[in-house]
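> So I've got this file, structure.cif, and it contains mmCIF, C-alpha atoms:
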data_structure
#
loop_
_atom_site.label_atom_id
_atom_site.label_comp_id
_atom_site.auth_asym_id
_atom_site.auth_seq_id
_atom_site.Cartn_x
_atom_site.Cartn_y
_atom_site.Cartn_z
CA MET A 1 53.83 61.15 22.57
CA LEU A 2 52.39 58.14 20.79
CA ASP A 3 52.28 57.97 17.05
CA GLN A 4 48.50 57.83 16.52
CA SER A 5 48.71 57.40 12.74
CA GLY A 6 47.75 53.72 12.79
CA PRO A 7 45.24 51.55 14.65
CA LEU A 8 46.04 51.01 18.35
CA ASN A 9 46.87 47.59 19.74
CA SER A 10 45.19 46.29 22.91
CA LEU A 11 47.71 48.16 25.10
CA GLY A 12 47.04 51.44 23.33
CA PHE A 13 50.08 51.71 21.06
CA ALA A 14 50.04 52.34 17.32
CA LYS A 15 52.29 49.42 16.44
CA ALA A 16 52.26 45.65 16.23
CA PRO A 17 52.21 43.70 19.53
CA ALA A 18 55.55 42.10 18.57
CA ASP A 19 57.09 45.58 18.50
CA THR A 20 55.60 46.50 21.91
CA ARG A 21 57.62 45.54 24.98
CA VAL A 22 55.67 45.16 28.22
CA VAL A 23 57.15 44.41 31.63
CA VAL A 24 54.74 42.35 33.75
CA ALA A 25 55.08 42.67 37.53
CA MET A 26 54.78 39.01 38.57
CA SER A 27 54.01 38.10 42.18
CA GLY A 28 53.81 34.37 41.49
CA GLY A 29 50.04 34.35 41.92
CA VAL A 30 47.38 33.48 39.37
CA ASP A 31 46.45 37.10 38.53
CA SER A 32 49.81 38.40 37.33
CA SER A 33 50.61 35.03 35.75
CA VAL A 34 47.45 35.25 33.63
CA VAL A 35 48.35 38.81 32.59
CA ALA A 36 51.78 37.65 31.41
CA ALA A 37 50.40 34.58 29.62
CA GLU A 38 47.61 36.51 27.90
CA LEU A 39 49.95 39.26 26.66
CA LYS A 40 52.47 36.69 25.44
CA ALA A 41 49.68 34.82 23.63
CA GLN A 42 48.65 38.10 21.97
CA GLY A 43 52.16 38.38 20.57
CA TYR A 44 53.64 41.06 22.83
CA ASP A 45 57.34 41.22 23.76
CA VAL A 46 56.82 40.22 27.40
CA VAL A 47 59.42 40.49 30.19
CA GLY A 48 58.47 39.16 33.64
CA VAL A 49 59.91 40.79 36.76
CA THR A 50 59.46 39.54 40.33
CA LEU A 51 60.55 41.44 43.41
CA GLN A 52 62.13 39.66 46.37
CA LEU A 53 60.87 41.87 49.17
CA TYR A 54 62.04 40.16 52.34
CA ASP A 55 64.23 37.35 53.63
CA HIS A 56 64.11 34.54 51.12
CA GLY A 57 64.99 31.77 53.57
CA ALA A 58 62.41 32.80 56.15
CA ALA A 59 59.79 33.10 53.43
CA LEU A 60 60.27 29.73 51.77
CA ALA A 61 57.89 27.79 53.99
CA LYS A 62 55.28 30.52 54.13
CA LYS A 63 52.09 30.35 52.10
CA GLY A 64 49.19 32.75 51.73
CA ALA A 65 51.12 35.89 50.82
CA CYS A 66 52.87 37.23 47.73
CA CYS A 67 56.57 37.62 47.02
CA ALA A 68 57.75 34.70 49.17
CA GLY A 69 60.28 32.11 47.95
CA ILE A 70 57.65 29.70 46.64
CA ASP A 71 56.05 32.58 44.71
CA ILE A 72 59.32 33.51 43.03
CA HIS A 73 59.61 29.88 41.95
CA ASP A 74 56.03 29.90 40.61
CA ALA A 75 56.58 33.11 38.64
CA ARG A 76 59.76 31.69 37.10
CA ARG A 77 57.94 28.49 36.16
CA VAL A 78 55.14 30.40 34.38
CA ALA A 79 57.77 32.35 32.40
CA GLU A 80 59.38 29.06 31.35
CA GLU A 81 56.00 27.56 30.40
CA MET A 82 55.07 30.57 28.25
CA GLY A 83 58.57 31.21 26.89
CA PHE A 84 59.47 34.74 27.95
CA PRO A 85 62.41 36.10 30.00
CA HIS A 86 62.00 36.52 33.76
CA TYR A 87 64.10 38.45 36.27
CA VAL A 88 64.13 38.47 40.07
CA LEU A 89 65.20 41.76 41.68
CA ASP A 90 66.37 41.97 45.29
CA TYR A 91 64.43 44.86 46.82
CA GLU A 92 64.77 43.72 50.42
CA ASN A 93 66.50 46.86 51.72
CA VAL A 94 64.21 49.20 49.78
CA PHE A 95 61.14 47.37 51.07
CA LYS A 96 62.32 47.46 54.69
CA ASP A 97 63.12 51.19 54.54
CA ALA A 98 60.05 52.25 52.54
CA VAL A 99 57.37 49.94 53.92
CA ILE A 100 58.17 47.74 56.94
CA ASP A 101 59.78 50.37 59.19
CA GLU A 102 56.98 52.87 58.62
CA PHE A 103 54.42 50.13 59.25
CA ALA A 104 55.93 49.44 62.69
CA ASP A 105 56.36 53.10 63.61
CA SER A 106 52.89 54.21 62.56
CA TYR A 107 51.29 51.24 64.33
CA LEU A 108 53.10 52.22 67.53
CA GLY A 109 51.98 55.81 67.00
CA GLY A 110 48.38 54.67 67.38
CA ALA A 111 47.69 54.48 63.65
CA THR A 112 46.36 51.56 61.63
CA PRO A 113 48.74 51.40 58.65
CA VAL A 114 48.04 49.98 55.20
CA PRO A 115 51.47 48.77 54.01
CA CYS A 116 50.15 47.42 50.69
CA ILE A 117 49.42 50.99 49.55
CA ARG A 118 52.91 52.15 50.52
CA CYS A 119 54.40 49.16 48.68
CA ASN A 120 52.55 50.06 45.48
CA GLU A 121 53.45 53.72 45.91
CA ARG A 122 57.10 53.45 46.94
CA VAL A 123 58.31 50.17 45.47
CA LYS A 124 56.17 48.66 42.70
CA PHE A 125 54.99 51.83 40.96
CA LYS A 126 58.19 53.75 41.65
CA ASP A 127 61.35 51.64 41.57
CA LEU A 128 59.92 48.72 39.58
CA LEU A 129 58.35 51.12 37.10
CA GLU A 130 61.74 52.80 36.60
CA THR A 131 63.28 49.35 36.05
CA ALA A 132 60.66 48.71 33.34
CA LYS A 133 61.72 51.94 31.63
CA ASP A 134 65.38 50.92 31.92
CA LEU A 135 64.39 47.71 30.09
CA GLU A 136 62.99 49.97 27.33
CA ALA A 137 59.46 48.71 27.89
CA ASP A 138 56.59 50.67 26.37
CA CYS A 139 54.49 50.04 29.48
CA MET A 140 54.21 47.98 32.67
CA ALA A 141 51.27 45.64 33.33
CA THR A 142 50.09 44.27 36.68
CA GLY A 143 47.45 41.80 37.87
CA HIS A 144 45.56 44.37 39.94
CA TYR A 145 41.77 44.50 39.68
CA ILE A 146 41.27 48.09 38.62
CA GLN A 147 40.62 49.78 35.28
CA ARG A 148 42.47 52.41 33.29
CA LYS A 149 40.26 54.23 30.82
CA MET A 150 41.05 57.04 28.42
CA GLY A 151 39.18 60.27 29.15
CA ASP A 152 39.15 63.69 27.52
CA ALA A 153 42.09 64.84 29.66
CA GLY A 154 44.10 61.60 29.52
CA PRO A 155 44.10 58.25 31.35
CA GLU A 156 41.60 57.87 34.21
CA LEU A 157 41.50 55.38 37.08
CA HIS A 158 38.24 53.41 37.44
CA SER A 159 36.99 50.71 39.79
CA ALA A 160 37.16 47.09 38.64
CA ALA A 161 34.14 45.58 36.89
CA ASP A 162 33.94 43.02 39.72
CA ALA A 163 33.18 44.99 42.90
CA ASN A 164 34.21 41.99 45.02
CA ARG A 165 37.75 42.07 43.60
CA ASP A 166 38.16 45.85 43.25
CA GLN A 167 41.57 47.05 44.50
CA SER A 168 41.08 50.77 43.99
CA TYR A 169 41.48 51.50 47.72
CA PHE A 170 45.06 50.20 47.54
CA LEU A 171 45.95 52.09 44.35
CA PHE A 172 44.64 55.60 45.08
CA SER A 173 48.19 57.03 45.24
CA THR A 174 48.93 56.12 41.60
CA THR A 175 50.03 59.40 40.02
CA PRO A 176 48.92 60.67 36.58
CA ALA A 177 52.43 60.04 35.21
CA GLN A 178 52.40 56.45 36.51
CA LEU A 179 48.89 55.90 35.19
CA ASP A 180 50.10 56.95 31.76
CA TYR A 181 52.63 54.07 31.82
CA LEU A 182 50.63 51.38 33.65
CA ARG A 183 48.17 48.83 32.27
CA PHE A 184 45.69 46.65 34.21
CA PRO A 185 44.48 43.90 31.83
CA LEU A 186 42.23 42.11 34.40
CA GLY A 187 40.16 45.08 35.57
CA HIS A 188 37.33 44.52 33.08
CA LEU A 189 36.77 40.82 33.93
CA PRO A 190 33.39 40.01 35.52
CA SER A 191 34.82 37.70 38.20
CA LYS A 192 37.87 35.82 39.50
CA ASP A 193 36.43 32.69 37.88
CA ASP A 194 37.20 34.28 34.50
CA THR A 195 40.83 34.77 35.55
CA ARG A 196 41.14 31.14 36.64
CA ALA A 197 39.52 30.02 33.37
CA LEU A 198 42.24 31.89 31.46
CA ALA A 199 44.91 30.26 33.65
CA ALA A 200 43.44 26.85 32.81
CA LYS A 201 43.25 27.77 29.12
CA TYR A 202 47.00 28.45 29.08
CA GLY A 203 47.72 25.38 31.23
CA LEU A 204 49.44 27.44 33.89
CA SER A 205 50.79 25.56 36.88
CA VAL A 206 49.31 28.25 39.19
CA ALA A 207 45.75 27.91 37.84
CA ASP A 208 44.40 26.55 41.15
CA LYS A 209 46.77 28.41 43.47
CA PRO A 210 44.87 30.01 46.40
CA ASP A 211 44.67 33.80 46.66
CA SER A 212 47.04 35.50 49.07
CA GLN A 213 45.24 36.68 52.21
CA ASP A 214 47.87 38.25 54.42
CA ILE A 215 50.17 41.23 54.20
CA CYS A 216 53.25 39.55 52.70
CA PHE A 217 55.55 40.13 55.69
CA VAL A 218 52.88 39.44 58.35
CA PRO A 219 52.44 35.65 58.64
CA ASN A 220 48.91 34.56 59.60
CA GLY A 221 47.83 38.18 60.04
CA ASP A 222 49.69 38.43 63.36
CA TYR A 223 50.65 42.12 63.32
CA ALA A 224 51.66 42.06 66.99
CA ALA A 225 54.30 39.34 66.52
CA VAL A 226 55.98 41.27 63.68
CA ILE A 227 56.01 44.56 65.59
CA ARG A 228 57.32 42.90 68.77
CA LYS A 229 60.23 41.63 66.68
CA LEU A 230 60.88 45.01 65.01
CA ARG A 231 60.16 47.22 68.05
CA PRO A 232 60.54 45.18 71.27
CA GLU A 233 59.53 48.19 73.38
CA ALA A 234 55.99 47.84 72.02
CA ALA A 235 55.47 44.79 74.21
CA ALA A 236 56.10 46.77 77.41
CA PRO A 237 53.16 46.54 79.85
CA GLY A 238 51.07 49.57 80.75
CA ASP A 239 47.65 50.83 81.77
CA ILE A 240 44.19 50.63 80.26
CA VAL A 241 42.47 53.87 81.22
CA ASP A 242 39.17 55.57 80.44
CA VAL A 243 38.96 58.97 78.73
CA GLU A 244 39.12 60.69 82.13
CA GLY A 245 42.41 58.92 82.85
CA ARG A 246 41.03 56.50 85.45
CA LEU A 247 42.88 53.19 85.69
CA LEU A 248 40.68 50.25 84.65
CA ALA A 249 43.15 47.43 84.00
CA ARG A 250 46.69 46.57 82.92
CA HIS A 251 47.82 45.48 79.46
CA ASP A 252 50.84 43.57 78.12
CA GLY A 253 51.79 45.94 75.29
CA VAL A 254 49.93 48.53 73.18
CA VAL A 255 50.94 46.48 70.15
CA ASN A 256 48.19 44.00 71.04
CA TYR A 257 45.36 46.53 70.60
CA THR A 258 43.71 48.34 67.70
CA ILE A 259 41.36 51.30 67.48
CA GLY A 260 37.75 50.09 67.70
CA GLN A 261 38.62 46.85 69.53
CA ARG A 262 36.01 45.69 72.05
CA ARG A 263 36.88 42.12 72.98
CA GLY A 264 39.86 41.00 75.02
CA LEU A 265 40.22 44.16 77.08
CA GLY A 266 39.91 42.33 80.40
CA ILE A 267 37.44 44.86 81.76
CA GLY A 268 34.29 43.31 83.17
CA GLY A 269 31.29 44.32 85.24
CA LEU A 270 30.42 47.46 83.28
CA ALA A 271 26.90 48.43 82.24
CA ASP A 272 27.99 49.58 78.75
CA PRO A 273 30.72 48.02 76.60
CA LEU A 274 33.96 49.94 76.14
CA TYR A 275 36.04 50.22 72.97
CA VAL A 276 39.64 51.20 72.30
CA VAL A 277 39.38 54.84 71.19
CA LYS A 278 43.07 55.81 71.30
CA LEU A 279 46.54 54.31 71.69
CA ASP A 280 49.36 56.26 73.35
CA ALA A 281 52.56 54.31 72.79
CA ASP A 282 54.79 56.87 74.55
CA ALA A 283 52.70 56.72 77.74
CA ARG A 284 52.07 52.98 77.23
CA GLN A 285 48.36 53.65 77.56
CA VAL A 286 45.34 52.06 75.92
CA ILE A 287 42.47 54.54 76.19
CA VAL A 288 38.92 53.16 76.12
CA GLY A 289 35.53 54.82 75.86
CA PRO A 290 31.93 54.35 74.67
CA LYS A 291 31.19 53.40 71.07
CA GLU A 292 29.94 56.88 70.14
CA MET A 293 33.47 58.22 70.67
CA LEU A 294 34.55 56.21 67.63
CA ALA A 295 32.08 57.96 65.32
CA THR A 296 33.27 60.99 63.39
CA ARG A 297 32.18 63.14 60.47
CA THR A 298 35.37 65.17 60.06
CA VAL A 299 38.38 63.44 58.51
CA PRO A 300 41.67 65.36 58.07
CA VAL A 301 43.77 64.08 55.14
CA ARG A 302 47.23 64.87 53.82
CA GLU A 303 49.58 63.63 51.08
CA VAL A 304 46.59 63.98 48.75
CA ASN A 305 47.03 62.42 45.31
CA TRP A 306 44.43 64.07 43.08
CA LEU A 307 43.35 62.43 39.81
CA GLY A 308 40.68 64.92 38.77
CA ASP A 309 40.88 66.90 35.54
CA ALA A 310 40.94 70.34 37.26
CA PRO A 311 43.54 71.21 39.96
CA PHE A 312 42.58 70.03 43.45
CA ALA A 313 42.63 73.48 45.04
CA SER A 314 40.79 75.15 42.16
CA ARG A 315 37.49 74.64 43.99
CA ASP A 316 36.39 75.34 47.55
CA GLU A 317 34.79 71.91 47.75
CA TRP A 318 34.27 68.69 45.84
CA GLN A 319 31.15 66.52 46.17
CA VAL A 320 32.36 62.91 46.12
CA ALA A 321 31.96 59.52 47.77
CA VAL A 322 34.80 58.26 49.97
CA LYS A 323 36.05 55.03 51.48
CA VAL A 324 37.74 55.36 54.87
CA ARG A 325 38.51 51.64 55.09
CA SER A 326 39.08 49.05 52.39
CA THR A 327 36.16 46.92 53.60
CA ARG A 328 33.59 49.75 53.71
CA PRO A 329 31.40 50.82 50.80
CA PRO A 330 31.87 54.42 49.56
CA THR A 331 29.83 56.99 51.49
CA ASP A 332 28.86 60.53 50.42
CA ALA A 333 31.22 63.28 51.52
CA VAL A 334 32.46 66.80 50.79
CA ILE A 335 36.20 67.46 50.33
CA ARG A 336 37.39 70.95 51.30
CA PRO A 337 40.96 71.50 50.01
CA ILE A 338 43.39 73.37 52.27
CA SER A 339 46.21 73.12 49.72
CA GLU A 340 47.04 70.91 46.74
CA THR A 341 47.98 68.08 49.15
CA GLU A 342 45.86 68.68 52.27
CA ALA A 343 42.13 68.74 52.90
CA THR A 344 39.33 68.24 55.35
CA VAL A 345 36.78 65.59 54.37
CA GLU A 346 33.32 65.94 55.87
CA LEU A 347 31.23 62.77 55.85
CA VAL A 348 27.50 63.23 55.28
CA ALA A 349 26.86 60.48 57.87
CA ALA A 350 29.21 59.82 60.78
CA GLU A 351 31.35 56.67 60.56
CA ALA A 352 32.89 54.65 63.38
CA GLY A 353 36.49 53.53 63.42
CA VAL A 354 38.01 56.23 61.19
CA SER A 355 41.64 55.67 62.09
CA PRO A 356 44.84 57.65 61.45
CA GLY A 357 47.11 55.70 59.11
CA GLN A 358 44.25 54.48 56.92
CA ALA A 359 43.56 55.92 53.50
CA CYS A 360 40.57 58.04 52.52
CA VAL A 361 39.90 57.32 48.85
CA PHE A 362 37.80 59.60 46.63
CA TYR A 363 35.19 58.20 44.21
CA ASP A 364 32.87 59.84 41.72
CA ARG A 365 29.31 59.58 43.02
CA ASP A 366 27.83 58.82 39.60
CA SER A 367 30.43 56.66 37.86
CA SER A 368 33.26 54.18 38.45
CA ARG A 369 35.95 56.87 38.35
CA ILE A 370 38.45 57.30 41.19
CA TYR A 371 39.72 60.79 42.00
CA GLY A 372 42.65 59.69 44.14
CA GLY A 373 42.72 60.10 47.90
CA GLY A 374 44.83 60.98 50.92
CA TRP A 375 46.14 59.63 54.22
CA ILE A 376 44.06 60.12 57.35
CA HIS A 377 45.98 61.81 60.17
CA LYS A 378 45.16 63.00 63.66
CA GLY A 379 44.57 66.61 62.69
#
Take the structure in the file and give it back as structure tokens.

Amino acid sequence: MLDQSGPLNSLGFAKAPADTRVVVAMSGGVDSSVVAAELKAQGYDVVGVTLQLYDHGAALAKKGACCAGIDIHDARRVAEEMGFPHYVLDYENVFKDAVIDEFADSYLGGATPVPCIRCNERVKFKDLLETAKDLEADCMATGHYIQRKMGDAGPELHSAADANRDQSYFLFSTTPAQLDYLRFPLGHLPSKDDTRALAAKYGLSVADKPDSQDICFVPNGDYAAVIRKLRPEAAAPGDIVDVEGRLLARHDGVVNYTIGQRRGLGIGGLADPLYVVKLDADARQVIVGPKEMLATRTVPVREVNWLGDAPFASRDEWQVAVKVRSTRPPTDAVIRPISETEATVELVAAEAGVSPGQACVFYDRDSSRIYGGGWIHKG
């Protein structure tokens, strides 16, 4: 427990910043660099840590994603500029086992995975957080755009002040224990322009560095190329069939298709457009159907991480808003718990493209609070 006898510093500890050690997870981008610089300027005992997550040599020439060789260099340079220690940890094997392999397997299983969530859950907020504790840090800070606020029952997770930068969808699996230890100093900023202004204020070499766009191990957003390399069998040709099983065309690998896809199917001359409604990797089939087959109101979820004050299964239902994709706005829904980690989510209005492998994140209807979420599965 914290000693609450004195006034709290900006990180919530009753001691001087100089006596408060904070590990900053540094990706080499402007966000985490600003967090480190700002905390150092406030007098905190800052330690920067960067994870090397995949092959350094292959990554050196790659831009537009975090954790590549150039990003490690940038993080180290910021630490030198601001005068705090910086460590690079080789997490290549952990990252492959915990993130990349599951990404490939779930994609081939007809799911649409979100590896950034798994990386936060299994690498950054698990192993890196333990490393921060080993370094005797009081807390760990990241450059994520999300807010941690103190509530009556302890720390709460809230959406970022800037809805355009909000990363709550990717952080729903943050546990209460992790939330107790984590800090998100950028979550309250009105816009990314404010972050870049701080970078300029501290003269950081990354002040004008572009934001990363891709998943870090998927160059140029080409999922198919990565999966063909990891699972060559995914490129095996097969059939495009309708929901009755009738052969419509041939394909050159299920890896090249995603649920909800309409273009590039090679099926012409039909009165109504067809969409990919299912992928069957074992049978090497791409199943297509009308758009209405993509719409659903019932979403089965598992691996639920609940951040509410009362136990998840203590009620028959919870009235919330949910996001079933990172790019969608929250929509009203009812969660019906089956156990502490499983539930059925019923959407008030049907949504298209609800895909296994995506997250379903729970939001308070009347505030910025996030109640966690779960992983969508086939049910």
> Leaving out A:Arg77 and any residue of its chain fewer than 5 positions from it, which residues lie within 10 Å of it when counting only C-alpha atoms, given as number ranges by chain?
A: 28, 33, 71-72, 82-83, 86, 204-206
> For A:Gln261, which residue out of A:Val276, A:Leu247, A:Ala16, A:Leu294 is the nearest one, using all atoms listed in the file?
A:Val276
> For the file shown, report as an MDAnalysis selection string the outcome of the PyMOL selection byres ((chain A and resi 155-164) around 10) at residue level.
chainID A and resid 144:154 165:169 171:172 174:182 184 186:192 307:309 329 363:364 367:372
> Given the file above and the PyMOL selection byres ((chain A and resi 277) around 8), which residues are selected, and can you give them as a PyMOL selection string?
chain A and resi 259-260+275-276+278-279+287-289+293-294
> Export C-alpha atoms of the chosen residues as a PDB file, in the frame of the given file?

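What landed in out.pdb:
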ATOM      1  CA  ILE A 259      41.360  51.300  67.480  1.00  0.00           C
ATOM      2  CA  GLY A 260      37.750  50.090  67.700  1.00  0.00           C
ATOM      3  CA  TYR A 275      36.040  50.220  72.970  1.00  0.00           C
ATOM      4  CA  VAL A 276      39.640  51.200  72.300  1.00  0.00           C
ATOM      5  CA  LYS A 278      43.070  55.810  71.300  1.00  0.00           C
ATOM      6  CA  LEU A 279      46.540  54.310  71.690  1.00  0.00           C
ATOM      7  CA  ILE A 287      42.470  54.540  76.190  1.00  0.00           C
ATOM      8  CA  VAL A 288      38.920  53.160  76.120  1.00  0.00           C
ATOM      9  CA  GLY A 289      35.530  54.820  75.860  1.00  0.00           C
ATOM     10  CA  MET A 293      33.470  58.220  70.670  1.00  0.00           C
ATOM     11  CA  LEU A 294      34.550  56.210  67.630  1.00  0.00           C
TER      12      LEU A 294
END
> How many Å separate atom CA of A:Arg118 from atom CA of A:Cys216?
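Taking atom CA of A:Arg118 as the start and atom CA of A:Cys216 as the end point, the length is 12.8 Å.
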> For the provided coordinates, the residues matched by the PyMOL selection byres ((chain A and resi 338) around 10) should be stated as a PyMOL selection string.
chain A and resi 301-302+312-313+316-317+335-337+339-344
> Quick one: stretch 197-206 of chain A with all heavy atoms, as a JSON list (two decimals), in the coordinates of the input?

[["chain", "number", "residue", "atom", "x", "y", "z"],
["A", 197, "ALA", "N", 39.81, 30.69, 34.65],
["A", 197, "ALA", "CA", 39.52, 30.02, 33.37],
["A", 197, "ALA", "C", 40.63, 30.31, 32.36],
["A", 197, "ALA", "O", 41.04, 29.42, 31.60],
["A", 197, "ALA", "CB", 38.17, 30.48, 32.83],
["A", 198, "LEU", "N", 41.13, 31.55, 32.35],
["A", 198, "LEU", "CA", 42.24, 31.89, 31.46],
["A", 198, "LEU", "C", 43.51, 31.14, 31.86],
["A", 198, "LEU", "O", 44.26, 30.66, 31.00],
["A", 198, "LEU", "CB", 42.50, 33.40, 31.49],
["A", 198, "LEU", "CG", 41.51, 34.27, 30.72],
["A", 198, "LEU", "CD1", 41.72, 35.75, 31.04],
["A", 198, "LEU", "CD2", 41.65, 34.04, 29.21],
["A", 199, "ALA", "N", 43.74, 31.01, 33.17],
["A", 199, "ALA", "CA", 44.91, 30.26, 33.65],
["A", 199, "ALA", "C", 44.85, 28.81, 33.19],
["A", 199, "ALA", "O", 45.85, 28.22, 32.77],
["A", 199, "ALA", "CB", 45.00, 30.34, 35.17],
["A", 200, "ALA", "N", 43.63, 28.23, 33.26],
["A", 200, "ALA", "CA", 43.44, 26.85, 32.81],
["A", 200, "ALA", "C", 43.63, 26.74, 31.30],
["A", 200, "ALA", "O", 44.23, 25.79, 30.80],
["A", 200, "ALA", "CB", 42.05, 26.36, 33.22],
["A", 201, "LYS", "N", 43.12, 27.75, 30.58],
["A", 201, "LYS", "CA", 43.25, 27.77, 29.12],
["A", 201, "LYS", "C", 44.71, 27.71, 28.69],
["A", 201, "LYS", "O", 45.07, 27.02, 27.72],
["A", 201, "LYS", "CB", 42.59, 29.05, 28.57],
["A", 201, "LYS", "CG", 42.85, 29.34, 27.11],
["A", 201, "LYS", "CD", 42.28, 30.70, 26.71],
["A", 201, "LYS", "CE", 42.81, 31.16, 25.37],
["A", 201, "LYS", "NZ", 42.36, 32.53, 25.04],
["A", 202, "TYR", "N", 45.57, 28.43, 29.42],
["A", 202, "TYR", "CA", 47.00, 28.45, 29.08],
["A", 202, "TYR", "C", 47.78, 27.34, 29.79],
["A", 202, "TYR", "O", 49.00, 27.26, 29.64],
["A", 202, "TYR", "CB", 47.61, 29.82, 29.42],
["A", 202, "TYR", "CG", 47.06, 30.92, 28.55],
["A", 202, "TYR", "CD1", 46.34, 31.97, 29.10],
["A", 202, "TYR", "CD2", 47.24, 30.90, 27.17],
["A", 202, "TYR", "CE1", 45.81, 32.98, 28.30],
["A", 202, "TYR", "CE2", 46.72, 31.89, 26.36],
["A", 202, "TYR", "CZ", 46.01, 32.93, 26.93],
["A", 202, "TYR", "OH", 45.49, 33.92, 26.14],
["A", 203, "GLY", "N", 47.07, 26.51, 30.55],
["A", 203, "GLY", "CA", 47.72, 25.38, 31.23],
["A", 203, "GLY", "C", 48.73, 25.81, 32.28],
["A", 203, "GLY", "O", 49.74, 25.12, 32.50],
["A", 204, "LEU", "N", 48.48, 26.93, 32.93],
["A", 204, "LEU", "CA", 49.44, 27.44, 33.89],
["A", 204, "LEU", "C", 49.46, 26.61, 35.17],
["A", 204, "LEU", "O", 48.40, 26.20, 35.67],
["A", 204, "LEU", "CB", 49.12, 28.90, 34.25],
["A", 204, "LEU", "CG", 49.14, 29.91, 33.09],
["A", 204, "LEU", "CD1", 48.88, 31.30, 33.62],
["A", 204, "LEU", "CD2", 50.47, 29.85, 32.35],
["A", 205, "SER", "N", 50.64, 26.38, 35.67],
["A", 205, "SER", "CA", 50.79, 25.56, 36.88],
["A", 205, "SER", "C", 50.15, 26.22, 38.10],
["A", 205, "SER", "O", 49.87, 25.55, 39.09],
["A", 205, "SER", "CB", 52.28, 25.31, 37.16],
["A", 205, "SER", "OG", 53.00, 26.53, 37.11],
["A", 206, "VAL", "N", 49.89, 27.54, 38.04],
["A", 206, "VAL", "CA", 49.31, 28.25, 39.19],
["A", 206, "VAL", "C", 47.79, 28.40, 39.07],
["A", 206, "VAL", "O", 47.18, 29.14, 39.86],
["A", 206, "VAL", "CB", 49.95, 29.66, 39.35],
["A", 206, "VAL", "CG1", 51.42, 29.54, 39.69],
["A", 206, "VAL", "CG2", 49.74, 30.50, 38.09]]
